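S.K.: Sharing a structure, written as structure tokens. Questions coming.
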Amino acid sequence: MPDLLGIPETRLPDDPAAAAIAAGDERPGRVAAAYPSSCLAWAVLAEAALDADHPVQAYAYARTGYHRGLDALRRAGWRGQGPIPWSHEPNRGFLRALAALAKAAAVIGEEDERVRCTEFLRASSLDAARELGL
């Protein structure tokens with residue numbers, strides 16, 4: 001579905017790490033090592049680091065997930081703008097990494113990065129921004 005400007009949604013392919021993460025069979029770091037291109041694996045690591053009060057680690061994990069996500073989005077036809085719907089499950093890894101990057105940036109005082117990531121998340125998916133607390 002296109003947005004109001006006629007830009008089609010971007011839908012990422014299934015993330016091969018999603019099943020391993022959902023099953024909880026392995027530690028998130030092992031999942032990220034097995035699937036280093038997985039946005040979701042890096043997002044899970046970033047969220048866990050934020051929960052453990054390790055914001056610098058969270059920032060690094062989230063930035064990795066964010067960049068892996070940008071690569072995947074471009075391969076899926078994304079041209080730097082347009083909706084990335086939360087309702088499409090494979091998009092959630094990227095959106096979660098982006099939200100974690102905004103949150104980690106806030107904690108370490110990177111205000112410009114926090115604002116940029118928050119605005120990017122909201123422009124990509126208001127549902128994701130609401131769901132992820134931004």
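Here, A, B, ... name the chains of the structure tokens in the order displayed, residue numbers run from 1 inside each chain, and ligands are numbered from 1 in the same displayed order.
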Write out as a list in words the residues lying within 10 Å of Ser37 of chain A, counting only C-alpha atoms and excluding same-chain residues fewer than 2 positions away.

M.R.: Asp15, Pro16, Ala17, Ala32, Ala33, Ala34, Tyr35, Cys39, Leu40, Ala41, Trp42, Thr64, Gly65, His67, Arg68, Gly69, Asp71 and Ala72 of chain A

S.K.: Quick one: everything within 10 Å of Asp53 of chain A, counting only C-alpha atoms, minus sequence neighbours fewer than 6 positions away in the same chain. Send it as a PDB file with N, CA and C atoms, in the first residue's frame.

M.R.:
ATOM      1  N   GLU A  47      18.274  -4.184  23.098  1.00  0.00           N
ATOM      2  CA  GLU A  47      17.228  -4.061  24.119  1.00  0.00           C
ATOM      3  C   GLU A  47      17.671  -4.679  25.439  1.00  0.00           C
ATOM      4  N   ALA A 104      19.136   4.429  23.267  1.00  0.00           N
ATOM      5  CA  ALA A 104      20.525   4.401  23.735  1.00  0.00           C
ATOM      6  C   ALA A 104      21.184   5.760  23.523  1.00  0.00           C
ATOM      7  N   VAL A 107      20.275   8.048  26.318  1.00  0.00           N
ATOM      8  CA  VAL A 107      20.957   7.749  27.580  1.00  0.00           C
ATOM      9  C   VAL A 107      22.392   8.265  27.583  1.00  0.00           C
TER      10      VAL A 107
END

S.K.: By how many Å are atom CA of Val56 of chain A and atom CA of Pro83 of chain A apart?

M.R.: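 Separation of atom CA of Val56 of chain A and atom CA of Pro83 of chain A: 29.0 Å.
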
S.K.: I'd like to know which of A:Ala60, A:Leu134, A:Ala18, A:Arg114 is closest to Leu45 of chain A, using only C-alpha atoms.

M.R.: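 Counting only C-alpha atoms, the residue closest to Leu45 of chain A is A:Ala60.
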
S.K.: If DSSP is run on the backbone, what residues of chain A are alpha helix (DSSP H)? A reply as number ranges by chain would be ideal.

M.R.: A: 18-23, 28-34, 39-51, 55-75, 92-108, 111-124, 126-131

S.K.: List the spatial neighbours of Ile7 of chain A as a PyMOL selection string - criterion: any atom at most 10 Å away, only C-alpha atoms, same-chain residues fewer than 6 positions off excluded.

M.R.: chain A and resi 1+78-79+81-83

S.K.: At a cut-off of 10 Å, using only C-alpha atoms, what residues contact Phe120 of chain A? Leave out same-chain residues fewer than 6 positions from it and give the result as a list in words.

M.R.: Gln81, Leu95, Leu98, Ala99, Ala102, Arg114, Leu126 and Ala129 of chain A

S.K.: When you look at Leu73 of chain A with a cut-off of 10 Å (counting only C-alpha atoms), what residues show up, excluding the ones that are within fewer than 6 positions of it in the same chain? I need them as a ChimeraX atom specification.

M.R.: /A:10-13,67,79-80,84,91,94

S.K.: Set the distance at 8 Å and use only C-alpha atoms: which residues neighbour Leu50 of chain A once local chain neighbours fewer than 5 positions away are removed? I'd like the list as a ChimeraX atom specification.

M.R.: /A:55,58,100,104

S.K.: Given the choices A:Arg30, A:Arg74, A:Arg96, A:His54, which gets closest to Ile108 of chain A if the distance is worked out from only C-alpha atoms?

M.R.: A:His54

S.K.: In Å, with one decimal, what is the gap from atom CA of Gly24 of chain A to atom CA of Arg122 of chain A?

M.R.: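 Separation between atom CA of Gly24 of chain A and atom CA of Arg122 of chain A: 29.4 Å.
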
S.K.: Quick one: distance from atom CA of Thr118 of chain A to atom CA of Ala19 of chain A in Å, one decimal?

M.R.: 27.8 Å
